[in-house]
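S.K.: Okay, here's the structure, questions in a sec.
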Amino acid sequence: MSLLEVRGLKVHFPIKKGIVLERTVGAVRAVDGVDLSVERGRTLGIVGESGCGKSTLGRAVLQLEPVTEGSVVFDGEDLGTLKPAAMRAMRKRMQMVFQDPLASLDPRQSVSSVLSEPLRTHGEKGPYDKRVRELLDLVGLPSTAANRYPHEFSGGQRQRVGIARAIALNPELIIADEPVSALDVSIQAQVVNLLEELQQRLGLTYVVIAHDLAVVRHISDDIAVMYLGAVVEVAPSDSLYDEPLHPYTIALLSAIPIPDPEVEDVRERIILRGDLPSAADPPPGCRFHTRCPFRQATRCHDEVPVLREIAVAPGHQVACHWAEQVHSGAITPERAAVPAADADGAAAV
Amino acid sequence: MTAPVAHRESVPGHLLVGTPLLKVRDLTVTFASRGRRPVRAVDGIDLDVAAGSTVGIVGESGSGKSVTSLAAMGLLGKRGVTVTGSVEFDGEDLLNMPEDELRSVRGREIAMIFQDPMSSLNPVLTVGRQITEILERHKGLKGQAAKDRAAELLASVGIGDSVRRLRSFPHQLSGGMRQRVMIAMALACEPRLLIADEPTTALDVTISAQILELLRVLVKDTGTALILITHDLGVVAGLCDQVHVMYSGRIVESAPRRPLFAEPQHPYTTGLLASVPRLDQPRGLPLLPIPGSPSDTLPWAQGCAFSPRCTRRVDACVGHPPVIGPAPSRVPGHLVRCVNPVPYDVEEPTP
Amino acid sequence: MSVAQFEAVESSAVSPQEAAGGLGRDALRRLRRSPTAIVGAVLVTLFVLVAVFAPLLAPYEPNFQRLDLIRPGVYPGPSSEFLLGLDQLGRDELSRIIYGARYSLLIGVVSLTLGAAVGIALGLLAGAFGGWVDSLVMRIVDVMLAIPSLLLAIGVAALLGRSITSVMIAIAVVNVPIFARLLRGSMLAQRRSDYALAARSLGVPRSRIVLQHVLPNSLSPVIVQGTLALATAIIEAAGLAYLGLGSADPSIPEWGRMLADTQNSLATAPLLALWPGLAIVLSVMGFYLLGEALREALDPKLRR
């Protein structure tokens, strides 16, 4: 059985109007029907651009956002049905690593206080000094760091503190939301390697959420690509780059610059039109059809595609009506001469 | 691609023969604040930009890449800042130019776009007004003529329904659209040099690809020279004629784009390349991080600033500042500031 | 790369002078470097010392009268015996200014403590619970905010009679909504911060998140406002006294009232208006400068 099972998860944020008497006039469908599962000891990457709902999904899995619909099953237990006290106890087994290491640390807490807080919260008896030193050692910080405060560290070191806090209770699952994107390029690899090393040592299961597909691919076993609140493709990391099936994945991959002129000069680049539509009013049918370079005259605009496995690529799930044809090359992308942003690409207010 | 950068074998190789459009020599910027040691953010930068060429400046936060362009344009302010060296644009000295003349050059001949278009746009004026204002001031266009030209500019940066868009306020546009507006404003005066400081960092991957493609097309069509400042080696790989890699205020490696990526010779450049995972390579290759953090530097006067983090450090790295010179690869225009450069026949440092 | 290697290379990134201590010490260090803070602190210290040690510093009792030296419209100016001269009732101006500091400080501190206590309690309530509690508390606060302080003071004076207590209550009431809104806004922002989310994800109970993380990190603007509110309280007290809404007792040396009393003799003894005015300006400026410097020192954006 999978350690984590997400079924039909929806997180809608109500849009309210009125000052005294608030009424709900609509909803931002941040996460709109997501199914995922992660096996113990493996890493699932979730990629997508800002506004696709990936961070909300991560928080909703940990029950840090109110779930509108659907369920999150962790090790056989439906988290949504747990009483608050039981949920708090459950948190011991699932932890989170944040994007901005400085913002995620209380500026008034010393590192030893940061690291002993989870222990104290879950009723472990002090003194915690030994465990704090152990944790610092695990994440590659000197034990002298214990008495320092977050603002005294560099970005990479702070993220190590954040990771140490996340592993303090020996969790089984760690959700890392953009764990390296706030760091300098030369530091990112240190943190990625640390995460991998800890996974091996401690048998952790990861969900890594990021916009950087290259980093996600490096660290993940499987990758889920999100667009506007829904998963459009799930694939093993090894084959995603060679065999992307969903037009959005294809475009996303082709948009990522590769540090090699030889590759860059001959690459076929698919430039998407326009911007992400508003999640308060997603397009009908396939959510991607307004920007899709492979869009067809039928089905795309009025029929919601479901995530399905297709015969040509086993182990690969895709939510596109025309995945087979895109895969075989029967449908080719239309191309605009000038990379245009069309009028409906304006951000909805 | 427009006229390739002319190179000559003689040192310094990346500096141009004849008069380049922008010629920066020994640019040094020092920030002093009360009660603190002065910080040398930029430390003797030499930089040439030929008309119509695209030059990339790559570096991490604190490398001085943005300060270089701001100082060259006289945009750093006066308090606590010391700028020395020379910056010549089309033969004219920008550093000693009176403020009003400089402002005119900045508006007319040199334009800049920044990472965050929202903070560079005036939130209470429509997009159209902001563009026509520039056209009135620098081009003498008025009324309907200015409006028509503004709509034309928006259309040229790929904004559809441009006449209607002129009436939009910045907050009504998405990040990508705002950056397009910024580019349209920058191009309003048909500048000869465009400086783009992290133009896509705040944008999503697919939008960033749109903007980079737009810059590529515009540079080709208009013949504008472009300085692209970024932390992302991938961004310069597809776009630049000459790339300068900066570390701690100095250029550590400088080369035409292809040799830089094919035969990087400064350990910092190779380190950067080896520490980012690449999509086009098989998964499972280990990442080789650069140890330490960008704050672990040595003052250049005491040796190589990168040496505390360098895996190829030798005794000669410390003691006196390394000089920049032709790389062992002998590729014209390839310079490296390192006493123990990475052997050039090895493509990648193998683990 | 092994953990040990990481340690070796990264540990050097924390420079020794940075590793001095927590936030408080950090702010203090910056305060000490700020000329604004130094001037403000000197003025405030002086003011407090004068107020506390008034009986020792003042050459005369505040109501010691030399009626023999004054004639209507003619009051002796500064002399070696009376450094700042005598007022309209033949009392030593310097002694009254010195004793006046006591009343300014008293009114400032009491009204601030009262106003801040109620305001912080309301703000804490709103900020900690959010939702309908927040809406309710904030509507009450809005109503309080809508009443002009002068009107309020007149009302309180009408209700309780003209006294220093009325002035203190009036000023305290004016301070309540300011503190409530400030703390609430600051707490709501902090509640949304990543570290509060991190604490929730650790399973830390909500009460502890609010009291141990959110509240301490929300207090900086409140501390700054407290300093500025002292300055405002001094001005308001003087203003109310000037308008005759202060204490009815003429023997109380209140700076605002002293200023008002000079109205009739402005032509003959203009200096008598200068001294209380100067005292008000200097004490208010002291608190303002200190408040501004505190704001800068506590601003996390300026921290490095």
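Going by the structure tokens order, chains are called A, B, ..., each with residues numbered from 1, while ligands are numbered from 1 in the order shown.
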Within 8 Å of chain C, which residues of chain A are there when counting only C-alpha atoms? Please give them as a PyMOL selection string.
M.R.: chain A and resi 62+64+87-89+91-92+95-96+98+100+103-108+110+118+121-122+137-142+148-149+151-154+157
S.K.: I need the chosen residues saved as a tab-separated table (two decimals), in the first residue's frame, with N, CA, C and O atoms.
M.R.:
```tsv
chain	number	residue	atom	x	y	z
A	62	LEU	N	-0.94	18.06	4.07
A	62	LEU	CA	-0.61	18.09	5.50
A	62	LEU	C	-1.75	18.69	6.33
A	62	LEU	O	-1.56	18.98	7.50
A	64	LEU	N	-2.96	21.58	6.26
A	64	LEU	CA	-2.69	22.95	6.68
A	64	LEU	C	-3.55	23.93	5.89
A	64	LEU	O	-3.51	25.12	6.12
A	87	MET	N	-4.84	14.39	14.94
A	87	MET	CA	-4.12	14.97	13.80
A	87	MET	C	-2.80	15.56	14.27
A	87	MET	O	-1.77	15.42	13.61
A	88	ARG	N	-2.86	16.24	15.42
A	88	ARG	CA	-1.61	16.83	15.94
A	88	ARG	C	-0.58	15.75	16.20
A	88	ARG	O	0.60	15.92	15.91
A	89	ALA	N	-1.03	14.63	16.74
A	89	ALA	CA	-0.10	13.54	16.99
A	89	ALA	C	0.44	12.98	15.67
A	89	ALA	O	1.60	12.61	15.56
A	91	ARG	N	1.03	14.57	13.03
A	91	ARG	CA	1.99	15.48	12.40
A	91	ARG	C	3.43	15.07	12.64
A	91	ARG	O	4.32	15.45	11.91
A	92	LYS	N	3.63	14.31	13.71
A	92	LYS	CA	4.95	13.80	14.01
A	92	LYS	C	5.51	13.01	12.82
A	92	LYS	O	6.71	12.95	12.62
A	95	GLN	N	6.28	15.93	7.78
A	95	GLN	CA	6.86	17.23	8.02
A	95	GLN	C	7.03	18.02	6.73
A	95	GLN	O	6.84	17.50	5.64
A	96	MET	N	7.42	19.28	6.89
A	96	MET	CA	7.47	20.15	5.73
A	96	MET	C	8.78	20.95	5.72
A	96	MET	O	9.29	21.34	6.76
A	98	PHE	N	10.34	24.41	3.84
A	98	PHE	CA	9.76	25.58	3.18
A	98	PHE	C	10.72	26.21	2.18
A	98	PHE	O	11.92	25.99	2.21
A	100	ASP	N	11.35	29.67	1.67
A	100	ASP	CA	12.19	30.77	2.16
A	100	ASP	C	12.69	30.41	3.55
A	100	ASP	O	11.95	30.49	4.52
A	103	ALA	N	12.15	33.12	6.30
A	103	ALA	CA	10.77	33.38	6.72
A	103	ALA	C	10.20	32.22	7.51
A	103	ALA	O	9.31	32.41	8.33
A	104	SER	N	10.72	31.02	7.28
A	104	SER	CA	10.12	29.87	7.94
A	104	SER	C	10.73	29.62	9.33
A	104	SER	O	10.37	28.68	10.00
A	105	LEU	N	11.68	30.46	9.71
A	105	LEU	CA	12.26	30.34	11.05
A	105	LEU	C	11.87	31.57	11.86
A	105	LEU	O	11.98	32.70	11.37
A	106	ASP	N	11.39	31.35	13.07
A	106	ASP	CA	11.04	32.46	13.94
A	106	ASP	C	12.32	33.24	14.27
A	106	ASP	O	13.25	32.68	14.84
A	107	PRO	N	12.37	34.53	13.89
A	107	PRO	CA	13.62	35.29	14.07
A	107	PRO	C	14.06	35.37	15.53
A	107	PRO	O	15.21	35.67	15.81
A	108	ARG	N	13.14	35.13	16.47
A	108	ARG	CA	13.49	35.23	17.88
A	108	ARG	C	13.95	33.92	18.49
A	108	ARG	O	14.24	33.85	19.67
A	110	SER	N	16.52	30.79	18.84
A	110	SER	CA	17.84	30.28	18.49
A	110	SER	C	17.66	28.92	17.83
A	110	SER	O	16.60	28.31	17.91
A	118	PRO	N	9.91	20.90	18.16
A	118	PRO	CA	9.13	19.71	17.79
A	118	PRO	C	9.21	18.61	18.85
A	118	PRO	O	8.23	17.93	19.12
A	121	THR	N	7.02	19.62	21.75
A	121	THR	CA	5.62	19.56	21.37
A	121	THR	C	5.07	18.14	21.41
A	121	THR	O	3.94	17.91	21.79
A	122	HIS	N	5.92	17.19	21.05
A	122	HIS	CA	5.42	15.82	21.02
A	122	HIS	C	5.85	15.04	22.25
A	122	HIS	O	6.01	13.82	22.20
A	137	ASP	N	24.45	17.72	13.14
A	137	ASP	CA	25.46	16.91	12.48
A	137	ASP	C	24.87	16.26	11.21
A	137	ASP	O	25.51	16.21	10.17
A	138	LEU	N	23.64	15.80	11.32
A	138	LEU	CA	22.99	15.16	10.18
A	138	LEU	C	22.88	16.10	8.98
A	138	LEU	O	22.98	15.69	7.84
A	139	VAL	N	22.63	17.38	9.25
A	139	VAL	CA	22.46	18.31	8.13
A	139	VAL	C	23.74	19.07	7.83
A	139	VAL	O	23.75	20.02	7.05
A	140	GLY	N	24.84	18.67	8.46
A	140	GLY	CA	26.13	19.25	8.11
A	140	GLY	C	26.37	20.63	8.68
A	140	GLY	O	27.04	21.45	8.06
A	141	LEU	N	25.83	20.88	9.87
A	141	LEU	CA	26.14	22.15	10.53
A	141	LEU	C	26.95	21.85	11.78
A	141	LEU	O	26.76	20.81	12.42
A	142	PRO	N	27.85	22.75	12.16
A	142	PRO	CA	28.64	22.53	13.37
A	142	PRO	C	27.74	22.65	14.60
A	142	PRO	O	26.74	23.36	14.58
A	148	ARG	N	23.07	30.02	17.87
A	148	ARG	CA	22.94	31.18	17.00
A	148	ARG	C	21.50	31.38	16.55
A	148	ARG	O	20.65	30.51	16.73
A	149	TYR	N	21.29	32.56	15.94
A	149	TYR	CA	19.94	32.91	15.49
A	149	TYR	C	19.88	32.88	13.96
A	149	TYR	O	20.91	33.07	13.29
A	151	HIS	N	19.18	34.87	11.60
A	151	HIS	CA	19.73	35.93	10.74
A	151	HIS	C	21.25	35.90	10.69
A	151	HIS	O	21.85	36.61	9.90
A	152	GLU	N	21.86	35.06	11.51
A	152	GLU	CA	23.32	35.00	11.50
A	152	GLU	C	23.85	34.00	10.47
A	152	GLU	O	25.05	33.85	10.32
A	153	PHE	N	22.94	33.31	9.78
A	153	PHE	CA	23.39	32.28	8.85
A	153	PHE	C	23.23	32.72	7.39
A	153	PHE	O	22.47	33.63	7.08
A	154	SER	N	23.93	32.01	6.52
A	154	SER	CA	23.72	32.22	5.09
A	154	SER	C	22.47	31.43	4.67
A	154	SER	O	21.99	30.58	5.41
A	157	GLN	N	22.71	27.65	4.85
A	157	GLN	CA	22.76	27.14	6.22
A	157	GLN	C	21.38	27.18	6.87
A	157	GLN	O	20.99	26.27	7.59
```
S.K.: Using only C-alpha atoms, determine which residues of chain B fall within 6 Å of chain A; present them as a list in words.
M.R.: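 For chain B, the answer reads Gly158, Ile159, Gly160, Leu173, Ser174, Asp204, Thr206, Ala209, Gln210, Leu233, Gly234, Val235, Ala237, Gly238, Arg258, Phe261, Leu272, Ser275, Pro277, Arg278, Leu279, Pro289 and Ile290 of chain B.
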S.K.: Would you kindly report the residues of chain B within 7 Å of chain C, using only C-alpha atoms, as a ChimeraX atom specification?
M.R.: /B:291-293,295-296
S.K.: Fewer than 4 positions away in the same chain doesn't count, so skip those; otherwise give me all residues within 8 Å of segment 100-117 of chain B, counting only C-alpha atoms, as a PyMOL selection string.
M.R.: chain B and resi 73-74+94+121+134+138+175+178-179+182-183+186-187+189-202
S.K.: Could you tell me how far atom CA of Ile252 of chain C sits from atom CA of Gly155 of chain C, in Å to one decimal place?
M.R.: 21.9 Å
